[in-house]
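structure-v3.txt follows (compact mmCIF, C-alpha atoms):
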# COMPACT_ATOMS: atom_id res chain seq x y z
CA MET A 14 -74.34 -62.68 -155.53
CA LEU A 15 -73.09 -66.09 -154.36
CA PRO A 16 -69.69 -66.26 -152.64
CA ASP A 17 -67.00 -67.67 -154.92
CA THR A 18 -67.00 -70.99 -153.05
CA GLN A 19 -70.71 -71.48 -153.78
CA VAL A 20 -70.97 -70.49 -157.44
CA ASN A 21 -70.35 -74.06 -158.57
CA THR A 22 -72.45 -75.76 -155.88
CA PRO A 23 -75.46 -76.35 -158.20
CA LEU A 24 -73.21 -78.51 -160.41
CA ILE A 25 -72.51 -81.08 -157.67
CA GLY A 26 -73.66 -84.53 -158.78
CA ILE A 27 -74.40 -83.52 -162.37
CA ALA A 28 -72.69 -85.72 -164.95
CA GLY A 29 -70.35 -83.60 -167.07
CA GLY A 30 -70.46 -80.75 -164.57
CA ARG A 31 -66.68 -80.55 -164.62
CA GLN A 32 -66.87 -78.82 -167.99
CA SER A 33 -69.32 -76.20 -166.74
CA LEU A 34 -67.40 -74.88 -163.74
CA ASP A 35 -67.04 -71.17 -163.18
CA THR A 36 -63.32 -70.55 -163.69
CA PRO A 37 -60.62 -70.38 -162.56
CA ALA A 38 -61.32 -73.37 -160.32
CA LEU A 39 -58.98 -75.43 -158.16
CA LEU A 40 -59.70 -79.07 -159.03
CA LEU A 41 -59.00 -82.13 -156.91
CA ASP A 42 -59.22 -85.61 -158.43
CA LEU A 43 -60.77 -87.67 -155.64
CA GLY A 44 -59.53 -91.04 -156.86
CA ALA A 45 -55.93 -89.90 -157.30
CA LEU A 46 -55.99 -88.19 -153.91
CA ALA A 47 -57.24 -91.37 -152.21
CA ARG A 48 -54.61 -93.52 -153.90
CA ASN A 49 -51.82 -91.12 -152.93
CA ILE A 50 -52.93 -91.09 -149.29
CA GLU A 51 -53.13 -94.87 -149.16
CA ARG A 52 -49.78 -95.39 -150.91
CA MET A 53 -47.83 -93.17 -148.53
CA ALA A 54 -49.56 -94.64 -145.48
CA ALA A 55 -48.85 -98.17 -146.68
CA PHE A 56 -45.23 -97.27 -147.43
CA ALA A 57 -44.65 -95.81 -143.96
CA LYS A 58 -46.28 -98.81 -142.30
CA ALA A 59 -44.18 -101.25 -144.32
CA GLN A 60 -41.00 -99.36 -143.42
CA GLY A 61 -41.88 -99.19 -139.74
CA VAL A 62 -41.80 -95.39 -139.53
CA GLY A 63 -44.48 -92.96 -138.45
CA LEU A 64 -46.19 -90.48 -140.76
CA ARG A 65 -47.05 -86.94 -139.65
CA PRO A 66 -47.82 -85.24 -142.98
CA HIS A 67 -47.63 -81.49 -143.47
CA VAL A 68 -50.95 -79.68 -143.80
CA LYS A 69 -49.16 -76.66 -145.27
CA THR A 70 -49.74 -78.45 -148.56
CA HIS A 71 -53.51 -78.73 -148.40
CA LYS A 72 -54.71 -76.64 -145.40
CA SER A 73 -57.80 -78.86 -145.38
CA VAL A 74 -59.50 -80.51 -142.40
CA GLU A 75 -61.15 -83.06 -144.70
CA ILE A 76 -57.84 -84.16 -146.22
CA ALA A 77 -56.16 -84.28 -142.80
CA ARG A 78 -58.97 -86.53 -141.54
CA ARG A 79 -58.45 -88.86 -144.47
CA GLN A 80 -54.69 -88.99 -143.82
CA VAL A 81 -55.23 -89.86 -140.15
CA ALA A 82 -57.88 -92.44 -141.04
CA ALA A 83 -55.35 -94.08 -143.39
CA GLY A 84 -52.76 -94.39 -140.61
CA ALA A 85 -51.04 -91.03 -140.07
CA MET A 86 -50.18 -90.45 -136.40
CA GLY A 87 -51.03 -86.77 -136.67
CA VAL A 88 -50.19 -83.75 -138.81
CA SER A 89 -47.45 -81.14 -139.08
CA CYS A 90 -48.32 -77.44 -139.33
CA VAL A 91 -45.93 -74.63 -140.21
CA THR A 92 -48.12 -71.91 -138.76
CA LEU A 93 -49.93 -71.61 -135.47
CA GLY A 94 -53.05 -70.66 -137.43
CA GLU A 95 -52.98 -73.96 -139.28
CA ALA A 96 -52.58 -75.78 -135.98
CA GLU A 97 -55.53 -73.93 -134.45
CA VAL A 98 -57.74 -75.04 -137.33
CA MET A 99 -56.63 -78.66 -137.01
CA VAL A 100 -56.87 -78.92 -133.22
CA LYS A 101 -60.32 -77.31 -133.18
CA ALA A 102 -61.42 -79.84 -135.80
CA GLY A 103 -60.29 -82.72 -133.59
CA ILE A 104 -57.20 -83.73 -135.59
CA PRO A 105 -54.80 -85.55 -133.22
CA GLY A 106 -51.02 -85.30 -132.89
CA VAL A 107 -50.53 -81.75 -134.17
CA LEU A 108 -46.90 -80.61 -134.43
CA ILE A 109 -46.16 -76.92 -135.02
CA THR A 110 -42.90 -76.99 -136.98
CA SER A 111 -41.88 -73.32 -136.69
CA PRO A 112 -41.02 -71.60 -133.38
CA ALA A 113 -43.64 -69.36 -131.76
CA VAL A 114 -41.69 -66.55 -130.07
CA THR A 115 -43.72 -63.34 -129.79
CA PRO A 116 -45.94 -62.77 -126.74
CA SER A 117 -49.13 -63.00 -128.79
CA LYS A 118 -48.05 -66.26 -130.43
CA ILE A 119 -46.97 -67.77 -127.11
CA ALA A 120 -50.33 -66.88 -125.58
CA ARG A 121 -52.04 -68.64 -128.49
CA VAL A 122 -49.78 -71.70 -128.04
CA VAL A 123 -50.78 -72.01 -124.39
CA LYS A 124 -54.48 -71.60 -125.20
CA LEU A 125 -54.22 -74.23 -127.92
CA ALA A 126 -52.27 -76.64 -125.70
CA ARG A 127 -55.03 -76.35 -123.13
CA LEU A 128 -57.62 -77.19 -125.78
CA ALA A 129 -55.58 -80.04 -127.29
CA GLY A 130 -54.85 -81.67 -123.95
CA PRO A 131 -51.94 -84.00 -123.10
CA GLY A 132 -50.45 -85.56 -126.21
CA GLY A 133 -52.56 -83.47 -128.55
CA MET A 134 -50.01 -80.86 -129.60
CA MET A 135 -46.25 -80.27 -129.76
CA VAL A 136 -44.11 -77.25 -130.55
CA VAL A 137 -40.50 -76.79 -131.63
CA VAL A 138 -37.89 -74.58 -129.98
CA ASP A 139 -34.49 -73.47 -131.27
CA ASP A 140 -33.48 -70.88 -128.67
CA PRO A 141 -33.06 -71.01 -124.86
CA ARG A 142 -34.89 -67.70 -124.43
CA ASN A 143 -37.91 -69.07 -126.26
CA ALA A 144 -37.84 -72.18 -124.08
CA ALA A 145 -37.80 -70.02 -120.95
CA ASP A 146 -40.64 -67.82 -122.25
CA LEU A 147 -42.77 -70.87 -123.04
CA ALA A 148 -42.10 -72.38 -119.63
CA GLU A 149 -43.11 -69.18 -117.87
CA ALA A 150 -46.29 -68.87 -119.94
CA THR A 151 -47.41 -72.42 -119.17
CA LEU A 152 -47.82 -71.86 -115.42
CA GLY A 153 -51.58 -72.23 -115.78
CA LEU A 154 -51.49 -75.44 -117.81
CA THR A 155 -52.42 -78.67 -116.06
CA HIS A 156 -49.92 -80.63 -118.17
CA PRO A 157 -46.41 -79.91 -119.48
CA LEU A 158 -46.04 -78.36 -122.92
CA GLU A 159 -44.53 -80.95 -125.25
CA VAL A 160 -41.44 -79.70 -127.06
CA LEU A 161 -39.03 -80.81 -129.79
CA VAL A 162 -35.61 -79.25 -130.33
CA ASP A 163 -35.46 -77.75 -133.81
CA TYR A 164 -32.18 -78.39 -135.64
CA GLY A 165 -31.21 -76.26 -138.65
CA ALA A 166 -30.82 -79.19 -140.98
CA GLY A 167 -31.65 -77.58 -144.30
CA TYR A 168 -32.07 -73.95 -145.29
CA ASN A 169 -31.44 -72.89 -141.67
CA ARG A 170 -34.58 -70.78 -141.74
CA THR A 171 -35.01 -71.93 -138.15
CA GLY A 172 -33.19 -74.40 -135.94
CA ALA A 173 -30.18 -74.61 -133.65
CA ALA A 174 -27.08 -74.21 -135.77
CA SER A 175 -24.83 -76.87 -134.24
CA GLU A 176 -24.83 -80.17 -132.40
CA ALA A 177 -23.58 -78.42 -129.27
CA GLN A 178 -26.50 -75.96 -129.38
CA VAL A 179 -28.98 -78.81 -129.87
CA LEU A 180 -27.65 -80.70 -126.86
CA GLU A 181 -27.50 -77.63 -124.60
CA LEU A 182 -31.06 -76.69 -125.52
CA ALA A 183 -32.24 -80.26 -124.96
CA ARG A 184 -30.67 -80.24 -121.48
CA ARG A 185 -32.44 -76.99 -120.60
CA ILE A 186 -35.81 -78.25 -121.81
CA ALA A 187 -35.42 -81.59 -120.03
CA ALA A 188 -34.65 -79.75 -116.78
CA GLU A 189 -37.77 -77.57 -116.97
CA PRO A 190 -40.76 -79.30 -115.29
CA ARG A 191 -43.30 -77.24 -117.23
CA LEU A 192 -41.87 -78.48 -120.52
CA LYS A 193 -41.67 -82.07 -121.73
CA LEU A 194 -38.85 -82.92 -124.12
CA ARG A 195 -40.20 -85.25 -126.81
CA GLY A 196 -37.53 -85.25 -129.47
CA LEU A 197 -35.76 -83.61 -132.38
CA GLN A 198 -36.93 -81.98 -135.59
CA ALA A 199 -34.54 -81.99 -138.55
CA TYR A 200 -36.39 -80.97 -141.71
CA ALA A 201 -34.22 -80.34 -144.77
CA GLY A 202 -36.37 -78.62 -147.36
CA ASN A 203 -33.30 -77.93 -149.49
CA LEU A 204 -32.93 -81.66 -150.26
CA GLN A 205 -36.47 -82.30 -151.44
CA HIS A 206 -36.12 -80.87 -154.93
CA ILE A 207 -32.70 -82.18 -155.98
CA THR A 208 -33.59 -83.67 -159.35
CA ASP A 209 -30.75 -86.17 -159.65
CA ARG A 210 -31.61 -89.11 -157.42
CA GLN A 211 -28.00 -90.09 -156.72
CA GLN A 212 -27.19 -86.56 -155.56
CA ARG A 213 -30.39 -86.41 -153.51
CA SER A 214 -29.64 -89.80 -151.97
CA ALA A 215 -26.08 -88.81 -151.03
CA ALA A 216 -27.22 -85.52 -149.48
CA ALA A 217 -29.99 -87.24 -147.52
CA ALA A 218 -27.58 -89.94 -146.28
CA GLY A 219 -25.17 -87.25 -145.07
CA LEU A 220 -27.92 -85.56 -143.09
CA ARG A 221 -29.09 -88.84 -141.56
CA GLU A 222 -25.52 -89.56 -140.45
CA THR A 223 -25.36 -86.18 -138.73
CA ILE A 224 -28.72 -86.72 -137.05
CA ALA A 225 -27.77 -90.21 -135.89
CA HIS A 226 -24.63 -88.75 -134.31
CA ILE A 227 -26.63 -86.05 -132.52
CA VAL A 228 -29.09 -88.64 -131.19
CA ALA A 229 -26.23 -90.88 -130.01
CA GLU A 230 -24.46 -87.98 -128.27
CA ALA A 231 -27.71 -86.99 -126.59
CA LYS A 232 -28.20 -90.54 -125.35
CA ARG A 233 -24.70 -90.52 -123.85
CA ASP A 234 -25.72 -87.31 -122.13
CA GLY A 235 -28.79 -88.98 -120.64
CA ILE A 236 -31.17 -87.33 -123.11
CA HIS A 237 -33.66 -89.47 -125.01
CA PHE A 238 -35.12 -88.21 -128.29
CA GLU A 239 -38.25 -90.33 -128.55
CA ILE A 240 -39.25 -88.59 -131.79
CA VAL A 241 -36.94 -87.69 -134.67
CA THR A 242 -39.08 -86.02 -137.30
CA GLY A 243 -38.34 -84.57 -140.71
CA ALA A 244 -38.00 -85.73 -144.31
CA GLY A 245 -40.37 -84.75 -147.10
CA THR A 246 -41.94 -85.99 -150.30
CA GLY A 247 -38.65 -85.77 -152.20
CA THR A 248 -36.70 -87.89 -149.70
CA HIS A 249 -39.47 -89.97 -148.12
CA ASP A 250 -38.18 -93.27 -149.51
CA LEU A 251 -34.59 -92.45 -148.59
CA ASP A 252 -35.29 -91.23 -145.07
CA ALA A 253 -37.52 -94.16 -144.14
CA GLN A 254 -34.50 -96.40 -143.54
CA ARG A 255 -34.83 -96.11 -139.74
CA ASP A 256 -31.20 -95.08 -139.30
CA ALA A 257 -32.25 -91.61 -138.13
CA PHE A 258 -35.89 -90.62 -138.48
CA THR A 259 -38.77 -92.13 -136.53
CA GLU A 260 -41.38 -90.30 -138.61
CA LEU A 261 -41.85 -88.52 -141.94
CA GLN A 262 -43.29 -85.05 -142.52
CA ALA A 263 -44.00 -85.50 -146.24
CA GLY A 264 -46.89 -83.38 -147.48
CA SER A 265 -46.91 -82.67 -151.21
CA TYR A 266 -47.40 -86.34 -152.11
CA VAL A 267 -51.16 -85.89 -151.75
CA PHE A 268 -51.25 -83.53 -154.75
CA MET A 269 -47.92 -83.59 -156.57
CA ASP A 270 -47.00 -80.75 -158.91
CA ALA A 271 -44.80 -80.12 -161.93
CA GLU A 272 -41.59 -79.99 -159.90
CA TYR A 273 -42.17 -82.98 -157.63
CA THR A 274 -43.33 -85.12 -160.52
CA GLN A 275 -40.00 -84.48 -162.20
CA VAL A 276 -38.07 -85.15 -158.98
CA LEU A 277 -39.75 -88.48 -158.17
CA ALA A 278 -39.98 -89.89 -161.69
CA GLY A 279 -36.97 -92.13 -162.32
CA PRO A 280 -35.53 -93.16 -165.69
CA ALA A 281 -37.12 -96.60 -165.45
CA GLN A 282 -40.33 -95.87 -163.56
CA PRO A 283 -42.93 -93.11 -163.08
CA SER A 284 -43.52 -91.27 -159.84
CA PRO A 285 -45.15 -93.45 -157.16
CA PHE A 286 -47.74 -90.72 -156.66
CA GLU A 287 -50.24 -89.27 -159.12
CA VAL A 288 -51.04 -85.65 -159.86
CA SER A 289 -54.38 -85.04 -158.18
CA LEU A 290 -54.44 -81.22 -158.13
CA PHE A 291 -55.21 -79.06 -161.15
CA VAL A 292 -56.40 -75.57 -161.96
CA GLN A 293 -59.12 -75.33 -164.57
CA THR A 294 -59.22 -72.17 -166.67
CA ALA A 295 -61.29 -71.00 -169.62
CA VAL A 296 -60.12 -69.52 -172.91
CA VAL A 297 -61.24 -65.88 -172.86
CA SER A 298 -59.62 -64.53 -176.03
CA THR A 299 -58.50 -66.10 -179.31
CA HIS A 300 -57.57 -63.09 -181.46
CA ALA A 301 -53.78 -63.46 -181.37
CA ALA A 302 -52.15 -65.48 -184.13
CA ASP A 303 -49.94 -67.71 -181.99
CA TRP A 304 -51.67 -67.95 -178.64
CA VAL A 305 -54.93 -67.85 -176.76
CA THR A 306 -55.56 -66.16 -173.43
CA VAL A 307 -56.89 -68.07 -170.40
CA ASP A 308 -58.35 -66.66 -167.18
CA GLY A 309 -55.65 -67.83 -164.80
CA GLY A 310 -52.61 -65.69 -163.99
CA THR A 311 -50.37 -64.83 -161.07
CA LYS A 312 -53.33 -64.63 -158.67
CA CYS A 313 -54.20 -68.19 -159.60
CA PHE A 314 -50.85 -70.02 -159.75
CA ALA A 315 -47.76 -69.79 -157.55
CA THR A 316 -44.92 -68.27 -159.56
CA ASP A 317 -41.86 -69.51 -157.65
CA SER A 318 -41.32 -72.82 -159.45
CA GLY A 319 -41.75 -72.28 -163.16
CA VAL A 320 -44.99 -72.32 -165.11
CA PRO A 321 -48.08 -74.56 -165.16
CA LEU A 322 -48.13 -77.56 -167.48
CA VAL A 323 -51.09 -78.44 -169.70
CA ALA A 324 -52.92 -81.49 -168.36
CA ARG A 325 -56.22 -81.48 -170.24
CA GLY A 326 -58.07 -79.52 -172.88
CA ALA A 327 -55.16 -78.68 -175.17
CA ASP A 328 -52.16 -80.38 -176.71
CA PRO A 329 -49.71 -81.20 -173.87
CA ALA A 330 -46.94 -79.63 -175.93
CA SER A 331 -48.63 -76.24 -175.57
CA ARG A 332 -46.69 -73.79 -173.42
CA TYR A 333 -48.08 -71.49 -170.74
CA ALA A 334 -46.65 -68.07 -169.85
CA PHE A 335 -47.80 -65.68 -167.14
CA PHE A 336 -49.73 -62.84 -168.74
CA GLY A 337 -50.73 -60.67 -165.78
CA ASP A 338 -52.63 -60.95 -162.53
CA GLU A 339 -55.69 -62.66 -163.98
CA HIS A 340 -54.52 -64.03 -167.32
CA GLY A 341 -52.20 -66.58 -168.86
CA LYS A 342 -50.85 -66.88 -172.39
CA LEU A 343 -51.16 -70.36 -173.89
CA MET A 344 -48.91 -70.77 -176.92
CA PHE A 345 -50.82 -73.67 -178.35
CA ALA A 346 -49.48 -76.65 -180.23
CA GLY A 347 -51.74 -78.44 -182.65
CA GLU A 348 -55.34 -77.31 -182.90
CA ARG A 349 -56.20 -73.84 -181.62
CA PRO A 350 -58.44 -73.97 -178.52
CA ALA A 351 -61.79 -72.27 -179.05
CA LEU A 352 -63.33 -69.44 -177.06
CA GLY A 353 -64.70 -70.82 -173.80
CA ASP A 354 -62.75 -74.09 -173.96
CA ARG A 355 -61.63 -75.40 -170.57
CA ILE A 356 -57.89 -75.90 -170.16
CA GLU A 357 -56.63 -77.68 -167.04
CA PHE A 358 -53.10 -77.25 -165.74
CA VAL A 359 -50.74 -79.03 -163.38
CA THR A 360 -49.61 -76.49 -160.80
CA PRO A 361 -45.93 -75.45 -160.71
CA HIS A 362 -45.87 -75.56 -156.87
CA CYS A 363 -48.90 -77.02 -155.14
CA ASP A 364 -48.60 -75.54 -151.63
CA PRO A 365 -48.65 -71.80 -152.41
CA THR A 366 -51.07 -72.34 -155.30
CA VAL A 367 -53.62 -73.82 -152.89
CA ASN A 368 -53.29 -70.74 -150.68
CA LEU A 369 -54.55 -68.60 -153.58
CA HIS A 370 -57.92 -70.37 -153.64
CA ASP A 371 -60.88 -70.62 -151.28
CA ALA A 372 -62.07 -74.11 -152.17
CA TYR A 373 -61.33 -77.44 -153.81
CA HIS A 374 -63.70 -78.57 -156.53
CA VAL A 375 -63.56 -82.32 -155.95
CA VAL A 376 -64.16 -84.31 -159.10
CA ASP A 377 -64.68 -87.96 -159.92
CA GLY A 378 -64.13 -88.24 -163.64
CA ASP A 379 -66.28 -85.52 -165.23
CA THR A 380 -68.59 -85.16 -162.24
CA LEU A 381 -68.21 -82.56 -159.50
CA VAL A 382 -68.86 -84.56 -156.32
CA ALA A 383 -68.06 -82.04 -153.56
CA ILE A 384 -66.63 -78.63 -152.74
CA TRP A 385 -64.25 -78.56 -149.79
CA PRO A 386 -63.03 -75.33 -148.20
CA VAL A 387 -59.33 -74.53 -147.89
CA ASP A 388 -59.90 -74.22 -144.16
CA ALA A 389 -56.55 -72.79 -143.08
CA ARG A 390 -56.02 -70.45 -146.02
CA GLY A 391 -54.24 -67.33 -144.86
CA ARG A 392 -54.05 -68.51 -141.24
CA HIS A 393 -50.78 -67.44 -139.63
Would you kindly transcribe this structure into structure tokens?
Amino acid sequence: MLPDTQVNTPLIGIAGGRQSLDTPALLLDLGALARNIERMAAFAKAQGVGLRPHVKTHKSVEIARRQVAAGAMGVSCVTLGEAEVMVKAGIPGVLITSPAVTPSKIARVVKLARLAGPGGMMVVVDDPRNAADLAEATLGLTHPLEVLVDYGAGYNRTGAASEAQVLELARRIAAEPRLKLRGLQAYAGNLQHITDRQQRSAAAAGLRETIAHIVAEAKRDGIHFEIVTGAGTGTHDLDAQRDAFTELQAGSYVFMDAEYTQVLAGPAQPSPFEVSLFVQTAVVSTHAADWVTVDGGTKCFATDSGVPLVARGADPASRYAFFGDEHGKLMFAGERPALGDRIEFVTPHCDPTVNLHDAYHVVDGDTLVAIWPVDARGRH
């Protein structure tokens, strides 16, 4: 039996192969992906800010390479496992955005820093003990470990809780010869999904004011934050004003999903980015009076941000409901889909949906043109 990632390989290059895929299949529209990558890169360049997009969205070496080729200065990785995949693939400028604190993780950081070389990798720190542990572990490195102070700007999942803690930690890192202080991370995930633009803009402006104050106080203290990194897809256009951030960590713009499309679409204009990621399912049962059953359920779609939206194969007014691990209920509008019909959905939340799949089925129109692995799936 072929592995799941190879079942559809014989369809590559065959016109109309999109409609013959073994389902459920994670689809990636190559044209929309390319346009999204180019648009964000062009935006960052025009605004004079750097772009270090998050690979937690796609976990793909191929997509990271395309982002860097378009102008990204590197990539951001939430997990050390993601970073290991990217560094080993030769992706430059890798930033690990979550602290590595356990002995096993610190050992992996040092090994990866050795492989990446000077300027190839950075980590974040939010605690003096972690800074001391990293410094001690890097005795064998031929170059200092590059470090950013992590500030708890959003959910406070990680990050120093106050300006005073940020400055004290920065002083400690700057005084440690085995560590090299590069800057400040201030990622506010809680702002990215505020639907009302005025509210989102006000919240983002408040954070930038706080960050600017921290940077100014650090400068008065003789500390230079060369890098100030953060922002996301939801605030990318707001946080590119150069009054705080030097670079953007936006990630979901490459794919978009149901939630981000709603967030970025204004009353007078559509979202600047296109939906490029879909999940294709097949209708597996049609016996109910008011719905049909498709072969994509909670093991196929992330469930934390609502339900998938119909993109293709059925009336867009049709409504999806989770129907178990492997199934979905499609309460159809208009004509009833037939047994075996392919229904494609916009994902509710792209990042965790990707992590449920082994591969992207890359399509150009109705032709399957490639299958790319989700390289960092499940890598912690």
Can you tell me, as a list in words, what residues are no more than 10 Å from Val136 of chain A when counting all atoms listed in the file, ignoring any on the same chain fewer than 2 positions away? Ser89, Cys90, Leu93, Val107, Leu108, Ile109, Thr110, Ser111, Pro112, Ala113, Val122, Ala126, Met134, Val138, Leu147, Leu158, Glu159, Val160, Leu161, Val162, Asp163, Arg195 and Gln198 of chain A
Output for the residues just chosen: C-alpha atoms as an mmCIF file, in the frame of the given file:
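And here is the file that came out, result-v1.cif:
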data_model
loop_
_atom_site.group_PDB
_atom_site.id
_atom_site.type_symbol
_atom_site.label_atom_id
_atom_site.label_comp_id
_atom_site.auth_asym_id
_atom_site.auth_seq_id
_atom_site.Cartn_x
_atom_site.Cartn_y
_atom_site.Cartn_z
ATOM 1 C CA SER A 89 -47.450 -81.140 -139.080
ATOM 2 C CA CYS A 90 -48.320 -77.440 -139.330
ATOM 3 C CA LEU A 93 -49.930 -71.610 -135.470
ATOM 4 C CA VAL A 107 -50.530 -81.750 -134.170
ATOM 5 C CA LEU A 108 -46.900 -80.610 -134.430
ATOM 6 C CA ILE A 109 -46.160 -76.920 -135.020
ATOM 7 C CA THR A 110 -42.900 -76.990 -136.980
ATOM 8 C CA SER A 111 -41.880 -73.320 -136.690
ATOM 9 C CA PRO A 112 -41.020 -71.600 -133.380
ATOM 10 C CA ALA A 113 -43.640 -69.360 -131.760
ATOM 11 C CA VAL A 122 -49.780 -71.700 -128.040
ATOM 12 C CA ALA A 126 -52.270 -76.640 -125.700
ATOM 13 C CA MET A 134 -50.010 -80.860 -129.600
ATOM 14 C CA VAL A 138 -37.890 -74.580 -129.980
ATOM 15 C CA LEU A 147 -42.770 -70.870 -123.040
ATOM 16 C CA LEU A 158 -46.040 -78.360 -122.920
ATOM 17 C CA GLU A 159 -44.530 -80.950 -125.250
ATOM 18 C CA VAL A 160 -41.440 -79.700 -127.060
ATOM 19 C CA LEU A 161 -39.030 -80.810 -129.790
ATOM 20 C CA VAL A 162 -35.610 -79.250 -130.330
ATOM 21 C CA ASP A 163 -35.460 -77.750 -133.810
ATOM 22 C CA ARG A 195 -40.200 -85.250 -126.810
ATOM 23 C CA GLN A 198 -36.930 -81.980 -135.590
#
Between A:His67, A:His300, A:Lys101, A:Lys72, smallest distance to Lys342 of chain A by all atoms listed in the file belongs to A:His300
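When all atoms listed in the file are used to measure the gap to Ile104 of chain A, the shortest distance among A:Val74, A:Leu251, A:Glu339, A:Gly84 belongs to A:Val74.
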For a test of reading the model, state the distance in Å between atom CA of Arg355 of chain A and atom CA of Gly309 of chain A, rounded to one decimal.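 A separation of 11.2 Å between them.
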May I have the residues within 10 Å of Gly326 of chain A as a compact mmCIF listing (two decimals) with C-alpha atoms, keeping the file's coordinate frame, using all atoms listed in the file and disregarding those fewer than 6 positions away in the same chain?
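Okay, this is what ended up in around_19.txt:
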# COMPACT_ATOMS: atom_id res chain seq x y z
CA GLN A 293 -59.12 -75.33 -164.57
CA THR A 294 -59.22 -72.17 -166.67
CA ALA A 295 -61.29 -71.00 -169.62
CA PRO A 350 -58.44 -73.97 -178.52
CA ASP A 354 -62.75 -74.09 -173.96
CA ARG A 355 -61.63 -75.40 -170.57
CA ILE A 356 -57.89 -75.90 -170.16
CA GLU A 357 -56.63 -77.68 -167.04
CA PHE A 358 -53.10 -77.25 -165.74
From the list A:Ile240, A:Leu64, A:Leu34, A:Ile27, which residue is nearest Ala199 of chain A when using only C-alpha atoms?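 Comparing A:Ile240, A:Leu64, A:Leu34, A:Ile27 against Ala199 of chain A, the winner is A:Ile240.
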In terms of all atoms listed in the file, the residue from A:Lys193, A:Arg79, A:Arg52, A:His71 at minimal distance from Glu95 of chain A is A:His71
